[in-house]
>>> print(open('final.cif').read())   # mmCIF, C-alpha atoms
data_coords
#
loop_
_atom_site.label_atom_id
_atom_site.label_comp_id
_atom_site.auth_asym_id
_atom_site.auth_seq_id
_atom_site.Cartn_x
_atom_site.Cartn_y
_atom_site.Cartn_z
CA MET A 1 54.26 -53.79 -113.34
CA MET A 2 54.39 -50.68 -115.55
CA ASP A 3 52.00 -47.77 -115.92
CA SER A 4 52.32 -44.34 -117.46
CA VAL A 5 50.95 -40.87 -116.75
CA ASN A 6 51.57 -37.85 -118.97
CA GLY A 7 54.16 -39.80 -120.92
CA LYS A 8 56.19 -40.86 -117.85
CA ARG A 9 56.67 -44.54 -117.14
CA PHE A 10 56.19 -45.77 -113.60
CA ILE A 11 57.43 -49.21 -112.62
CA PHE A 12 55.70 -50.69 -109.57
CA PRO A 13 57.47 -53.57 -107.81
CA LYS A 14 56.00 -57.04 -107.93
CA ILE A 15 54.18 -57.84 -104.68
CA THR A 16 54.15 -61.28 -103.15
CA TYR A 17 51.59 -61.39 -100.39
CA ARG A 18 49.78 -64.26 -98.73
CA ASP A 19 46.72 -62.51 -97.26
CA PHE A 20 45.09 -61.05 -100.38
CA ASN A 21 42.27 -58.65 -99.50
CA ILE A 22 41.30 -55.90 -101.90
CA LEU A 23 39.82 -53.77 -99.10
CA LYS A 24 43.28 -53.45 -97.55
CA GLN A 25 44.64 -52.03 -100.80
CA LEU A 26 41.97 -49.36 -101.08
CA LYS A 27 41.27 -46.31 -98.98
CA ILE A 28 38.03 -47.27 -97.25
CA ASP A 29 36.36 -44.27 -95.66
CA GLU A 30 33.54 -44.23 -93.12
CA THR A 31 30.84 -43.99 -95.77
CA GLN A 32 32.14 -47.12 -97.48
CA HIS A 33 32.34 -48.99 -94.18
CA SER A 34 28.71 -48.02 -93.53
CA LEU A 35 27.69 -49.19 -97.01
CA ILE A 36 29.29 -52.59 -96.44
CA LEU A 37 27.68 -53.02 -93.02
CA GLY A 38 24.33 -51.75 -94.30
CA PHE A 39 24.41 -54.20 -97.21
CA ILE A 40 24.95 -57.17 -94.88
CA LEU A 41 22.36 -55.96 -92.35
CA ASN A 42 19.62 -55.10 -94.86
CA PRO A 43 16.99 -57.89 -94.84
CA ASN A 44 15.93 -56.73 -98.31
CA GLY A 45 19.52 -56.73 -99.63
CA LYS A 46 20.69 -58.54 -102.72
CA HIS A 47 22.43 -61.17 -100.59
CA GLY A 48 19.01 -62.87 -100.48
CA LYS A 49 19.33 -64.10 -96.88
CA GLY A 50 16.50 -62.03 -95.45
CA ASN A 51 16.77 -61.34 -91.71
CA MET A 52 19.53 -63.93 -91.15
CA PHE A 53 22.43 -61.51 -90.71
CA LEU A 54 20.33 -58.82 -89.01
CA ASN A 55 19.05 -61.29 -86.39
CA GLU A 56 22.62 -62.33 -85.59
CA PHE A 57 23.55 -58.66 -85.25
CA PHE A 58 20.79 -58.31 -82.66
CA ASN A 59 22.06 -61.41 -80.83
CA VAL A 60 25.81 -60.81 -80.98
CA VAL A 61 26.31 -57.03 -81.21
CA LEU A 62 23.22 -55.47 -79.65
CA ALA A 63 23.07 -58.29 -77.08
CA ASP A 64 20.38 -56.63 -74.95
CA ASP A 65 17.93 -58.69 -72.90
CA ASN A 66 15.47 -55.78 -73.06
CA PHE A 67 15.32 -56.03 -76.84
CA VAL A 68 12.72 -58.46 -78.14
CA HIS A 69 12.43 -59.31 -81.83
CA ASN A 70 10.57 -61.97 -83.74
CA ASP A 71 9.92 -63.14 -87.29
CA SER A 72 6.84 -60.93 -87.64
CA ASP A 73 8.91 -57.74 -87.34
CA GLU A 74 9.36 -55.90 -90.65
CA TRP A 75 12.74 -54.15 -90.63
CA TYR A 76 14.09 -51.24 -92.68
CA VAL A 77 17.83 -50.58 -92.87
CA THR A 78 19.11 -47.34 -94.42
CA VAL A 79 22.64 -46.04 -94.94
CA GLU A 80 23.63 -42.34 -94.96
CA LYS A 81 20.00 -41.19 -94.90
CA GLY A 82 18.63 -38.50 -92.61
CA ARG A 83 22.21 -37.73 -91.45
CA PHE A 84 22.52 -41.15 -89.76
CA ASP A 85 25.33 -43.50 -90.81
CA ILE A 86 23.08 -46.54 -90.41
CA SER A 87 19.49 -46.68 -89.20
CA ILE A 88 17.59 -49.86 -88.30
CA ARG A 89 13.85 -49.44 -87.69
CA ASN A 90 10.78 -51.61 -87.60
CA LYS A 91 7.66 -50.65 -89.55
CA ASN A 92 5.95 -48.61 -86.83
CA ASN A 93 9.12 -47.12 -85.26
CA THR A 94 8.60 -48.86 -81.92
CA LYS A 95 12.15 -50.24 -82.28
CA ILE A 96 14.92 -47.93 -83.50
CA ILE A 97 18.67 -48.57 -83.56
CA ILE A 98 21.03 -45.92 -84.92
CA ILE A 99 24.67 -46.77 -85.65
CA GLU A 100 27.19 -43.94 -85.50
CA ASN A 101 30.21 -45.25 -87.42
CA LYS A 102 33.63 -43.99 -86.29
CA SER A 103 35.67 -46.56 -88.24
CA ASN A 104 38.17 -43.93 -89.39
CA TRP A 105 38.52 -42.14 -86.05
CA ALA A 106 36.44 -39.08 -86.98
CA GLU A 107 35.97 -36.52 -84.21
CA ASP A 108 32.56 -36.15 -82.59
CA GLN A 109 30.72 -33.16 -84.00
CA ASN A 110 29.15 -30.64 -81.64
CA ASN A 111 26.30 -32.33 -79.71
CA GLN A 112 26.29 -34.99 -82.42
CA LEU A 113 24.85 -37.95 -80.55
CA TYR A 114 22.27 -35.78 -78.78
CA ARG A 115 21.02 -34.44 -82.11
CA TYR A 116 20.79 -37.99 -83.47
CA TRP A 117 18.83 -39.09 -80.40
CA LEU A 118 16.52 -36.06 -80.61
CA ARG A 119 15.73 -36.33 -84.33
CA GLY A 120 16.05 -40.04 -84.92
CA ILE A 121 14.60 -41.45 -81.72
CA TYR A 122 12.86 -38.97 -79.40
CA GLN A 123 10.80 -37.21 -82.10
CA ALA A 124 10.02 -40.50 -83.88
CA GLN A 125 8.78 -42.23 -80.71
CA TYR A 126 7.32 -39.34 -78.70
CA ARG A 127 3.68 -39.90 -79.74
CA LEU A 128 4.03 -43.66 -79.47
CA LYS A 129 5.16 -43.39 -75.85
CA LYS A 130 2.44 -40.82 -75.16
CA HIS A 131 -0.16 -43.37 -76.27
CA GLY A 132 1.30 -46.11 -74.11
CA GLU A 133 3.26 -48.04 -76.75
CA ASN A 134 6.29 -50.05 -75.60
CA VAL A 135 9.29 -48.65 -77.43
CA TYR A 136 12.97 -49.59 -77.67
CA SER A 137 15.85 -47.38 -78.80
CA LYS A 138 19.61 -47.59 -78.91
CA ILE A 139 22.50 -45.62 -80.39
CA ILE A 140 25.51 -47.83 -81.16
CA TYR A 141 28.77 -45.88 -81.06
CA LEU A 142 30.85 -48.04 -83.40
CA SER A 143 34.55 -47.51 -82.75
CA PRO A 144 37.75 -49.09 -84.14
CA SER A 145 39.36 -49.24 -80.68
CA TYR A 146 38.73 -48.89 -76.95
CA GLU A 147 40.84 -45.73 -77.21
CA LYS A 148 38.08 -44.08 -79.22
CA GLN A 149 35.16 -43.17 -76.92
CA TYR A 150 32.33 -40.69 -77.36
CA THR A 151 32.85 -37.27 -75.82
CA GLU A 152 30.73 -35.72 -73.10
CA GLN A 153 29.79 -32.75 -75.26
CA SER A 154 28.39 -35.04 -77.97
CA ILE A 155 25.70 -36.38 -75.59
CA THR A 156 24.82 -32.93 -74.20
CA ARG A 157 21.82 -30.81 -75.21
CA PRO A 158 22.88 -28.14 -77.78
CA ILE A 159 20.35 -25.48 -76.72
CA PHE A 160 18.30 -24.86 -73.59
CA ASP A 161 14.88 -26.44 -73.66
CA ALA A 162 13.22 -27.17 -70.35
CA ASN A 163 11.18 -29.93 -72.01
CA LEU A 164 14.29 -31.90 -72.97
CA PRO A 165 16.86 -33.64 -70.74
CA GLU A 166 20.28 -32.05 -70.44
CA LYS A 167 21.93 -35.26 -71.65
CA ILE A 168 20.82 -38.34 -73.56
CA PRO A 169 19.01 -40.65 -71.13
CA GLU A 170 21.12 -43.42 -69.63
CA GLY A 171 21.11 -46.76 -71.37
CA ILE A 172 20.56 -45.33 -74.87
CA ILE A 173 24.20 -45.36 -76.01
CA LYS A 174 26.20 -48.57 -76.35
CA PRO A 175 29.89 -48.46 -77.36
CA VAL A 176 30.74 -51.28 -79.78
CA TYR A 177 34.17 -52.12 -81.20
CA PHE A 178 34.92 -53.49 -84.64
CA ARG A 179 37.47 -56.11 -83.67
CA ALA A 180 35.71 -57.20 -80.49
CA SER A 181 32.09 -57.34 -81.64
CA ILE A 182 31.72 -56.77 -85.39
CA VAL A 183 34.25 -59.46 -86.29
CA LYS A 184 32.53 -61.84 -83.86
CA TRP A 185 29.19 -61.12 -85.58
CA LEU A 186 30.66 -61.59 -89.07
CA GLU A 187 32.22 -64.90 -88.01
CA LYS A 188 28.85 -66.04 -86.68
CA CYS A 189 27.25 -65.20 -90.03
CA MET A 190 29.97 -67.16 -91.83
CA SER A 191 29.46 -70.11 -89.50
CA ILE A 192 25.73 -70.21 -90.27
CA LEU A 193 26.47 -70.17 -94.01
CA GLU A 194 28.97 -72.99 -93.60
CA GLU A 195 26.53 -75.11 -91.60
CA SER A 196 23.84 -74.65 -94.25
CA GLY A 197 26.23 -75.67 -97.06
CA GLU A 198 26.49 -72.13 -98.47
CA LYS A 199 30.22 -71.61 -97.95
CA SER A 200 30.79 -71.42 -101.71
CA GLU A 201 28.34 -68.53 -102.18
CA ASN A 202 29.62 -65.04 -102.99
CA ILE A 203 28.13 -63.54 -99.82
CA TYR A 204 30.30 -65.87 -97.72
CA PHE A 205 33.49 -64.52 -99.31
CA TYR A 206 32.14 -60.96 -99.15
CA ILE A 207 31.70 -61.28 -95.38
CA LYS A 208 35.03 -63.09 -94.96
CA GLN A 209 36.93 -60.34 -96.78
CA TYR A 210 35.42 -57.71 -94.50
CA ALA A 211 36.06 -59.75 -91.37
CA ASP A 212 39.68 -60.26 -92.47
CA TYR A 213 40.01 -56.52 -92.93
CA TRP A 214 39.35 -55.94 -89.22
CA ARG A 215 41.20 -58.98 -87.86
CA LYS A 216 44.58 -57.32 -88.36
CA SER A 217 45.83 -53.83 -87.63
CA MET A 218 44.90 -51.39 -90.38
CA VAL A 219 47.85 -49.15 -89.55
CA ASN A 220 50.42 -51.94 -89.82
CA GLU A 221 48.79 -53.25 -92.99
CA MET A 222 48.94 -49.83 -94.62
CA SER A 223 52.60 -49.42 -93.67
CA ASN A 224 53.43 -52.79 -95.20
CA GLN A 225 51.68 -51.90 -98.45
CA ILE A 226 53.52 -48.56 -98.66
CA GLU A 227 56.89 -50.21 -98.06
CA GLU A 228 56.27 -52.78 -100.78
CA LEU A 229 54.98 -50.29 -103.35
CA PHE A 230 57.34 -47.39 -102.71
CA ASN A 231 60.66 -48.80 -101.53
CA ASP A 232 62.27 -46.88 -104.41
CA LYS A 233 62.61 -43.15 -103.62
CA ASP A 234 62.04 -41.97 -107.21
CA GLN A 235 58.92 -44.10 -107.41
CA TRP A 236 57.52 -42.47 -104.26
CA ILE A 237 58.37 -38.95 -105.45
CA SER A 238 56.71 -39.57 -108.84
CA PHE A 239 53.58 -40.86 -107.14
CA TRP A 240 53.51 -37.93 -104.71
CA ASN A 241 53.90 -35.40 -107.53
CA LEU A 242 50.95 -37.00 -109.31
CA ALA A 243 48.86 -37.02 -106.11
CA GLN A 244 49.47 -33.29 -105.69
CA LYS A 245 47.87 -32.72 -109.08
CA LYS A 246 44.65 -34.50 -108.08
CA GLU A 247 42.66 -31.27 -107.80
CA ASP A 248 43.90 -30.05 -111.19
CA ILE A 249 42.94 -33.35 -112.82
CA ARG A 250 39.50 -33.28 -111.24
CA LYS A 251 38.90 -29.69 -112.33
CA ALA A 252 40.05 -30.42 -115.90
CA TRP A 253 37.65 -33.36 -116.16
CA TRP A 254 34.74 -31.23 -114.90
CA GLU A 255 35.65 -28.37 -117.25
CA SER A 256 35.48 -30.78 -120.17
CA PHE A 257 32.12 -32.05 -118.93
CA LYS A 258 30.86 -28.48 -118.52
CA GLU A 259 31.31 -27.86 -122.25
CA SER A 260 29.14 -30.89 -123.04
CA VAL A 261 26.44 -29.83 -120.58
CA ILE A 262 26.35 -26.28 -121.97
CA LYS A 263 25.90 -27.61 -125.49
CA CYS A 264 23.19 -29.98 -124.30
CA PHE A 265 21.04 -27.37 -122.54
CA SER A 266 21.91 -24.27 -124.59
CA VAL A 267 21.67 -25.83 -128.06
CA ASP A 268 20.32 -29.39 -128.21
CA ASN A 269 17.70 -29.57 -125.45
CA LEU A 270 15.92 -26.23 -125.35
CA VAL A 271 12.52 -25.87 -123.64
CA ASP A 272 10.31 -22.82 -124.14
CA GLY A 273 10.28 -20.52 -121.14
CA TRP A 274 13.34 -22.07 -119.53
CA ASP A 275 16.95 -20.89 -119.55
CA PHE A 276 20.26 -22.35 -118.41
CA THR A 277 23.58 -21.05 -117.10
CA SER A 278 26.80 -22.36 -115.58
CA SER A 279 29.29 -20.77 -113.20
CA GLU A 280 31.67 -23.24 -111.51
CA ALA A 281 32.91 -26.17 -113.58
CA TRP A 282 30.46 -28.47 -111.79
CA GLU A 283 27.61 -26.02 -111.08
CA PHE A 284 24.64 -25.69 -113.43
CA LYS A 285 21.39 -23.78 -113.07
CA TRP A 286 17.99 -24.02 -114.80
CA PHE A 287 15.47 -21.20 -114.32
CA LEU A 288 12.34 -19.64 -115.80
CA LYS A 289 13.47 -16.90 -118.19
CA GLU A 290 10.99 -14.27 -117.01
CA TYR A 291 12.30 -14.46 -113.43
CA GLY A 292 16.07 -14.67 -113.95
CA GLU A 293 18.80 -16.87 -112.50
CA LYS A 294 18.38 -15.60 -108.91
CA SER A 295 14.79 -16.79 -108.87
CA LEU A 296 13.38 -20.02 -107.44
CA CYS A 297 15.26 -22.44 -109.68
CA LEU A 298 17.06 -25.78 -110.03
CA ARG A 299 20.77 -26.23 -109.39
CA CYS A 300 23.21 -29.08 -109.79
CA SER A 301 26.19 -28.42 -107.55
CA ASP A 302 28.52 -29.69 -104.86
CA TRP A 303 26.50 -29.25 -101.67
CA ASN A 304 27.47 -30.53 -98.23
CA GLY A 305 29.99 -32.90 -99.80
CA LYS A 306 27.56 -34.48 -102.27
CA TYR A 307 26.83 -33.65 -105.90
CA SER A 308 23.19 -32.64 -105.56
CA LEU A 309 20.08 -31.45 -107.35
CA LEU A 310 18.69 -28.48 -105.40
CA LEU A 311 15.62 -26.27 -105.39
CA TRP A 312 17.08 -22.88 -104.53
CA ALA A 313 16.22 -19.18 -104.44
CA ASP A 314 18.18 -16.04 -103.58
CA PRO A 315 17.26 -15.38 -99.91
CA ASN A 316 17.59 -11.64 -100.48
CA LEU A 317 14.74 -11.76 -103.00
CA TYR A 318 12.57 -14.60 -101.68
CA ASP A 319 11.25 -15.80 -98.35
CA THR A 320 12.67 -19.32 -98.63
CA LYS A 321 11.07 -20.44 -95.35
CA LYS A 322 7.64 -19.38 -96.60
CA ILE A 323 8.19 -21.26 -99.88
CA ASP A 324 9.27 -24.32 -97.90
CA GLU A 325 6.03 -24.19 -95.89
CA LEU A 326 3.92 -23.84 -99.04
CA LEU A 327 5.57 -26.90 -100.58
CA ASP A 328 3.98 -28.98 -97.80
CA GLU A 329 0.53 -27.99 -99.05
CA THR A 330 -1.31 -30.39 -101.34
CA LYS A 331 -1.45 -27.82 -104.14
CA TYR A 332 2.35 -27.62 -104.45
CA MET A 333 3.13 -31.29 -103.88
CA PRO A 334 3.85 -31.94 -107.61
CA ILE A 335 7.02 -29.85 -107.24
CA ALA A 336 8.39 -31.99 -104.41
CA SER A 337 7.23 -35.14 -106.19
CA ALA A 338 9.34 -34.23 -109.22
CA PHE A 339 12.41 -35.00 -107.10
CA GLU A 340 13.32 -38.67 -106.93
CA ARG A 341 13.89 -38.26 -103.20
CA LYS A 342 14.15 -35.52 -100.58
CA ASP A 343 17.16 -35.50 -98.25
CA GLU A 344 17.45 -33.73 -94.93
CA ILE A 345 18.48 -30.07 -95.03
CA PRO A 346 20.34 -28.26 -92.20
CA PRO A 347 18.39 -25.50 -90.41
CA ASP A 348 18.66 -21.96 -91.84
CA SER A 349 19.78 -23.22 -95.25
CA ASN A 350 18.84 -21.30 -98.41
CA VAL A 351 18.28 -24.66 -100.09
CA ILE A 352 14.58 -25.58 -100.09
CA ILE A 353 14.72 -29.18 -101.38
CA ALA A 354 17.84 -31.33 -101.84
CA GLU A 355 18.36 -34.62 -103.66
CA LYS A 356 21.92 -35.47 -102.63
CA GLY A 357 24.35 -37.50 -104.75
CA ASN A 358 21.57 -39.46 -106.46
CA TYR A 359 23.28 -40.80 -109.61
CA TYR A 360 23.73 -44.40 -110.76
CA PHE A 361 26.55 -46.01 -112.74
CA GLY A 362 26.73 -49.49 -111.21
CA ASP A 363 29.24 -48.07 -108.71
CA GLU A 364 29.41 -48.85 -104.99
CA MET A 365 28.68 -45.15 -104.39
CA ASP A 366 25.44 -45.23 -106.40
CA GLY A 367 22.90 -42.86 -104.87
CA ASP A 368 25.55 -41.13 -102.74
CA PHE A 369 28.04 -39.48 -105.11
CA GLY A 370 30.40 -36.69 -104.19
CA ILE A 371 32.07 -34.39 -106.70
CA THR A 372 35.43 -36.20 -106.77
CA ARG A 373 34.00 -39.65 -107.43
CA LEU A 374 31.71 -38.29 -110.16
CA ALA A 375 34.60 -36.53 -111.92
CA TRP A 376 35.67 -39.85 -113.46
CA TYR A 377 32.20 -40.39 -114.98
CA ALA A 378 32.06 -36.76 -116.09
CA HIS A 379 35.22 -37.34 -118.12
CA TYR A 380 34.86 -40.94 -119.30
CA LYS A 381 31.07 -41.39 -119.47
CA PRO A 382 29.70 -37.89 -120.10
CA ASP A 383 26.76 -39.00 -122.27
CA GLU A 384 25.51 -41.43 -119.62
CA PHE A 385 25.93 -38.77 -116.94
CA ILE A 386 24.17 -36.06 -118.97
CA SER A 387 21.24 -38.36 -119.75
CA GLN A 388 20.63 -38.73 -116.02
CA ILE A 389 20.68 -34.96 -115.57
CA ILE A 390 18.23 -34.50 -118.46
CA ASN A 391 15.83 -37.00 -116.89
CA LYS A 392 15.92 -35.13 -113.60
CA ILE A 393 15.54 -31.63 -115.04
CA ASP A 394 12.85 -32.47 -117.58
CA LYS A 395 10.54 -33.61 -114.78
CA PHE A 396 10.29 -29.87 -114.10
CA ARG A 397 10.84 -28.25 -117.51
CA LYS A 398 8.50 -30.49 -119.49
CA ASN A 399 5.75 -30.78 -116.88
CA ASN A 400 3.31 -27.91 -117.40
CA GLU A 401 1.72 -28.34 -113.99
CA VAL A 402 5.06 -28.13 -112.20
CA THR A 403 6.18 -25.18 -114.33
CA ASP A 404 2.98 -23.23 -113.55
CA LEU A 405 3.37 -23.89 -109.82
CA LEU A 406 6.98 -22.69 -109.94
CA LYS A 407 5.74 -19.50 -111.62
CA GLU A 408 3.27 -18.93 -108.78
CA LEU A 409 5.99 -19.33 -106.16
CA ASN A 410 8.34 -17.08 -108.14
CA ASN A 411 5.77 -14.32 -107.88
CA LEU A 412 6.09 -14.37 -104.09
CA LYS A 413 9.05 -12.03 -103.91
CA LYS A 414 9.81 -10.09 -100.71
#
>>> encode(input="final.cif", output="structure tokens")
Amino acid sequence: MMDSVNGKRFIFPKITYRDFNILKQLKIDETQHSLILGFILNPNGKHGKGNMFLNEFFNVVLADDNFVHNDSDEWYVTVEKGRFDISIRNKNNTKIIIIENKSNWAEDQNNQLYRYWLRGIYQAQYRLKKHGENVYSKIIYLSPSYEKQYTEQSITRPIFDANLPEKIPEGIIKPVYFRASIVKWLEKCMSILEESGEKSENIYFYIKQYADYWRKSMVNEMSNQIEELFNDKDQWISFWNLAQKKEDIRKAWWESFKESVIKCFSVDNLVDGWDFTSSEAWEFKWFLKEYGEKSLCLRCSDWNGKYSLLLWADPNLYDTKKIDELLDETKYMPIASAFERKDEIPPDSNVIIAEKGNYYFGDEMDGDFGITRLAWYAHYKPDEFISQIINKIDKFRKNNEVTDLLKELNNLKK
């Protein structure tokens, strides 16, 4: 097989391989693993099987006699929302299961599991328990191997609070392993599809491919692929030289896109009272002219690993915490409503509202784009990308009510 980059021809060896699985040929990170699992678990997913796969997850993976579920339960499954890899909740939050995915051996962050328990479970169920409701909660620590266990610090309280336990209560965390439990669950789902005569459906092969991915050692599989692709030294060196230029390629694609965005908002799509500027190749800012670019404004930028639309103000000029409080009032709700969604923001951030990675191109990362993945669309589909940005920004610029409310908040300088 031949390919070329910058005029150089690269000849890749022909591969003969019996166990074809595209997932093994791609770099699947933890987010992508979570997206695959979330898709199968989601009762409202496009697989059209309702609660079938979720119920088997409860039976095979959760496997807890204290957990009771029935057909009347209405379940919501989210992926990468609210800082949780996967969240499974019923309608009234009396049953909450959070999955912390460590498929790629990521280290435990400081007090990570405790923070997830506090925000995702304790605070969500506190009032329910206070009023005598029966509640159920579990954090599944999903690991690729028995060698990967959660750390003691991750279940420990980050700050002193006499009202909170020092550690997560016993029985909340359950370690689960991909090859021991997840594969068993996937095989059970496949078996049900076979028995119901649905083995030929796409979802069957989707599940089988993912089960096959975990049945064999990822490390050995990767080594085999590398040996087959790069058994020629010059081939490996050429590939490595190209890989080292990844950042330069990404930056060049964003710089090209920046020129198109500047033309769009500085020439073709002007709105009275609004101005536009750009600093980094991938950072753009829209602000009310009379208040300047350090005012309460809109920004598109790489934030916390996602390409995001932000409501931002210079903290030296504005009391961002006060503005955040005002946005909860009914009067200012049109501002927040102009965002398609509001994602969680870390404490003490200068960002007031964040809509993280929310772009759509029919890609598996739809709604969760980072700057590297979006670089391809910035270069090859700039018009489609810019049209999405226009739609987001014009909900503010061309809405007189929202513009007037932003003016009011901009007058609240320190």
>>> closest_residue(input="final.cif", among="A:Glu325, A:Asp212, A:Glu133, A:Asp108", to="Gln153 in chain A", atoms="only C-alpha atoms")
A:Asp108
>>> atom_distance(input="final.cif", atom1="CA of Ile192 in chain A", atom2="CA of Val77 in chain A")
21.3 Å
>>> residues_around(input="final.cif", residues="Leu406 in chain A", least_positions_apart="3", cutoff="10 Å", atoms="all atoms listed in the file", output="ChimeraX atom specification")
/A:287-288,295-297,332,335,396,400-403,409-411
>>> write_last_selection(input="final.cif", atoms="C-alpha atoms", output="PDB file, in the frame of the given file")
ATOM      1  CA  PHE A 287      15.470 -21.200-114.320  1.00  0.00           C
ATOM      2  CA  LEU A 288      12.340 -19.640-115.800  1.00  0.00           C
ATOM      3  CA  SER A 295      14.790 -16.790-108.870  1.00  0.00           C
ATOM      4  CA  LEU A 296      13.380 -20.020-107.440  1.00  0.00           C
ATOM      5  CA  CYS A 297      15.260 -22.440-109.680  1.00  0.00           C
ATOM      6  CA  TYR A 332       2.350 -27.620-104.450  1.00  0.00           C
ATOM      7  CA  ILE A 335       7.020 -29.850-107.240  1.00  0.00           C
ATOM      8  CA  PHE A 396      10.290 -29.870-114.100  1.00  0.00           C
ATOM      9  CA  ASN A 400       3.310 -27.910-117.400  1.00  0.00           C
ATOM     10  CA  GLU A 401       1.720 -28.340-113.990  1.00  0.00           C
ATOM     11  CA  VAL A 402       5.060 -28.130-112.200  1.00  0.00           C
ATOM     12  CA  THR A 403       6.180 -25.180-114.330  1.00  0.00           C
ATOM     13  CA  LEU A 409       5.990 -19.330-106.160  1.00  0.00           C
ATOM     14  CA  ASN A 410       8.340 -17.080-108.140  1.00  0.00           C
ATOM     15  CA  ASN A 411       5.770 -14.320-107.880  1.00  0.00           C
TER      16      ASN A 411
END
>>> closest_residue(input="final.cif", among="A:Phe230, A:Phe67, A:Tyr76, A:Trp185", to="Pro43 in chain A", atoms="all atoms listed in the file")
A:Tyr76
>>> residues_around(input="final.cif", residues="Phe361 in chain A", least_positions_apart="5", cutoff="10 Å", atoms="all atoms listed in the file", output="short mmCIF file (atom, residue, chain, number, x, y, z; two decimals) with C-alpha atoms, in the frame of the given file")
data_model
loop_
_atom_site.label_atom_id
_atom_site.label_comp_id
_atom_site.auth_asym_id
_atom_site.auth_seq_id
_atom_site.Cartn_x
_atom_site.Cartn_y
_atom_site.Cartn_z
CA ASP A 366 25.44 -45.23 -106.40
CA GLY A 367 22.90 -42.86 -104.87
CA LEU A 374 31.71 -38.29 -110.16
CA TYR A 377 32.20 -40.39 -114.98
CA LYS A 381 31.07 -41.39 -119.47
CA GLU A 384 25.51 -41.43 -119.62
CA PHE A 385 25.93 -38.77 -116.94
CA GLN A 388 20.63 -38.73 -116.02
#
>>> resolve_selection(input="final.cif", expression="the PyMOL selection byres ((chain A and resi 94) around 9)", output="MDAnalysis selection string")
chainID A and resid 89:93 95:96 124:125 128:129 133:137
>>> residues_around(input="final.cif", residues="Ser278 in chain A", least_positions_apart="5", cutoff="8 Å", atoms="all atoms listed in the file", output="PyMOL selection string")
chain A and resi 258+262+283-285
>>> closest_residue(input="final.cif", among="A:Lys246, A:Lys356, A:Lys398, A:Lys413", to="Asp319 in chain A", atoms="all atoms listed in the file")
A:Lys413
>>> resolve_selection(input="final.cif", expression="the PyMOL selection byres ((chain A and resi 31) around 9)", output="PyMOL selection string")
chain A and resi 28-30+32-36+79-80+85+101+365
>>> residues_around(input="final.cif", residues="Asp343 in chain A", least_positions_apart="5", cutoff="10 Å", atoms="all atoms listed in the file", output="ChimeraX atom specification")
/A:80-83,308,353-357
>>> build_atoms(input="final.cif", residues="range 139-150 of chain A", atoms="N, CA and C atoms", output="PDB file, in the frame of the given file")
ATOM      1  N   ILE A 139      21.503 -46.195 -79.484  1.00  0.00           N
ATOM      2  CA  ILE A 139      22.500 -45.620 -80.390  1.00  0.00           C
ATOM      3  C   ILE A 139      23.795 -46.416 -80.179  1.00  0.00           C
ATOM      4  N   ILE A 140      24.259 -47.066 -81.231  1.00  0.00           N
ATOM      5  CA  ILE A 140      25.510 -47.830 -81.160  1.00  0.00           C
ATOM      6  C   ILE A 140      26.643 -46.934 -81.632  1.00  0.00           C
ATOM      7  N   TYR A 141      27.584 -46.682 -80.729  1.00  0.00           N
ATOM      8  CA  TYR A 141      28.770 -45.880 -81.060  1.00  0.00           C
ATOM      9  C   TYR A 141      29.850 -46.870 -81.501  1.00  0.00           C
ATOM     10  N   LEU A 142      30.003 -47.008 -82.817  1.00  0.00           N
ATOM     11  CA  LEU A 142      30.850 -48.040 -83.400  1.00  0.00           C
ATOM     12  C   LEU A 142      32.274 -47.520 -83.602  1.00  0.00           C
ATOM     13  N   SER A 143      33.193 -48.042 -82.816  1.00  0.00           N
ATOM     14  CA  SER A 143      34.550 -47.510 -82.750  1.00  0.00           C
ATOM     15  C   SER A 143      35.583 -48.564 -83.171  1.00  0.00           C
ATOM     16  N   PRO A 144      36.713 -48.131 -83.742  1.00  0.00           N
ATOM     17  CA  PRO A 144      37.750 -49.090 -84.140  1.00  0.00           C
ATOM     18  C   PRO A 144      38.581 -49.587 -82.959  1.00  0.00           C
ATOM     19  N   SER A 145      38.505 -48.894 -81.802  1.00  0.00           N
ATOM     20  CA  SER A 145      39.360 -49.240 -80.680  1.00  0.00           C
ATOM     21  C   SER A 145      38.768 -48.716 -79.380  1.00  0.00           C
ATOM     22  N   TYR A 146      39.158 -49.364 -78.263  1.00  0.00           N
ATOM     23  CA  TYR A 146      38.730 -48.890 -76.950  1.00  0.00           C
ATOM     24  C   TYR A 146      39.240 -47.469 -76.692  1.00  0.00           C
ATOM     25  N   GLU A 147      40.292 -47.080 -77.391  1.00  0.00           N
ATOM     26  CA  GLU A 147      40.840 -45.730 -77.210  1.00  0.00           C
ATOM     27  C   GLU A 147      39.925 -44.654 -77.766  1.00  0.00           C
ATOM     28  N   LYS A 148      39.002 -45.033 -78.614  1.00  0.00           N
ATOM     29  CA  LYS A 148      38.080 -44.080 -79.220  1.00  0.00           C
ATOM     30  C   LYS A 148      36.723 -44.182 -78.528  1.00  0.00           C
ATOM     31  N   GLN A 149      36.421 -43.206 -77.655  1.00  0.00           N
ATOM     32  CA  GLN A 149      35.160 -43.170 -76.920  1.00  0.00           C
ATOM     33  C   GLN A 149      34.404 -41.885 -77.265  1.00  0.00           C
ATOM     34  N   TYR A 150      33.091 -41.910 -77.087  1.00  0.00           N
ATOM     35  CA  TYR A 150      32.330 -40.690 -77.360  1.00  0.00           C
ATOM     36  C   TYR A 150      32.633 -39.635 -76.309  1.00  0.00           C
TER      37      TYR A 150
END
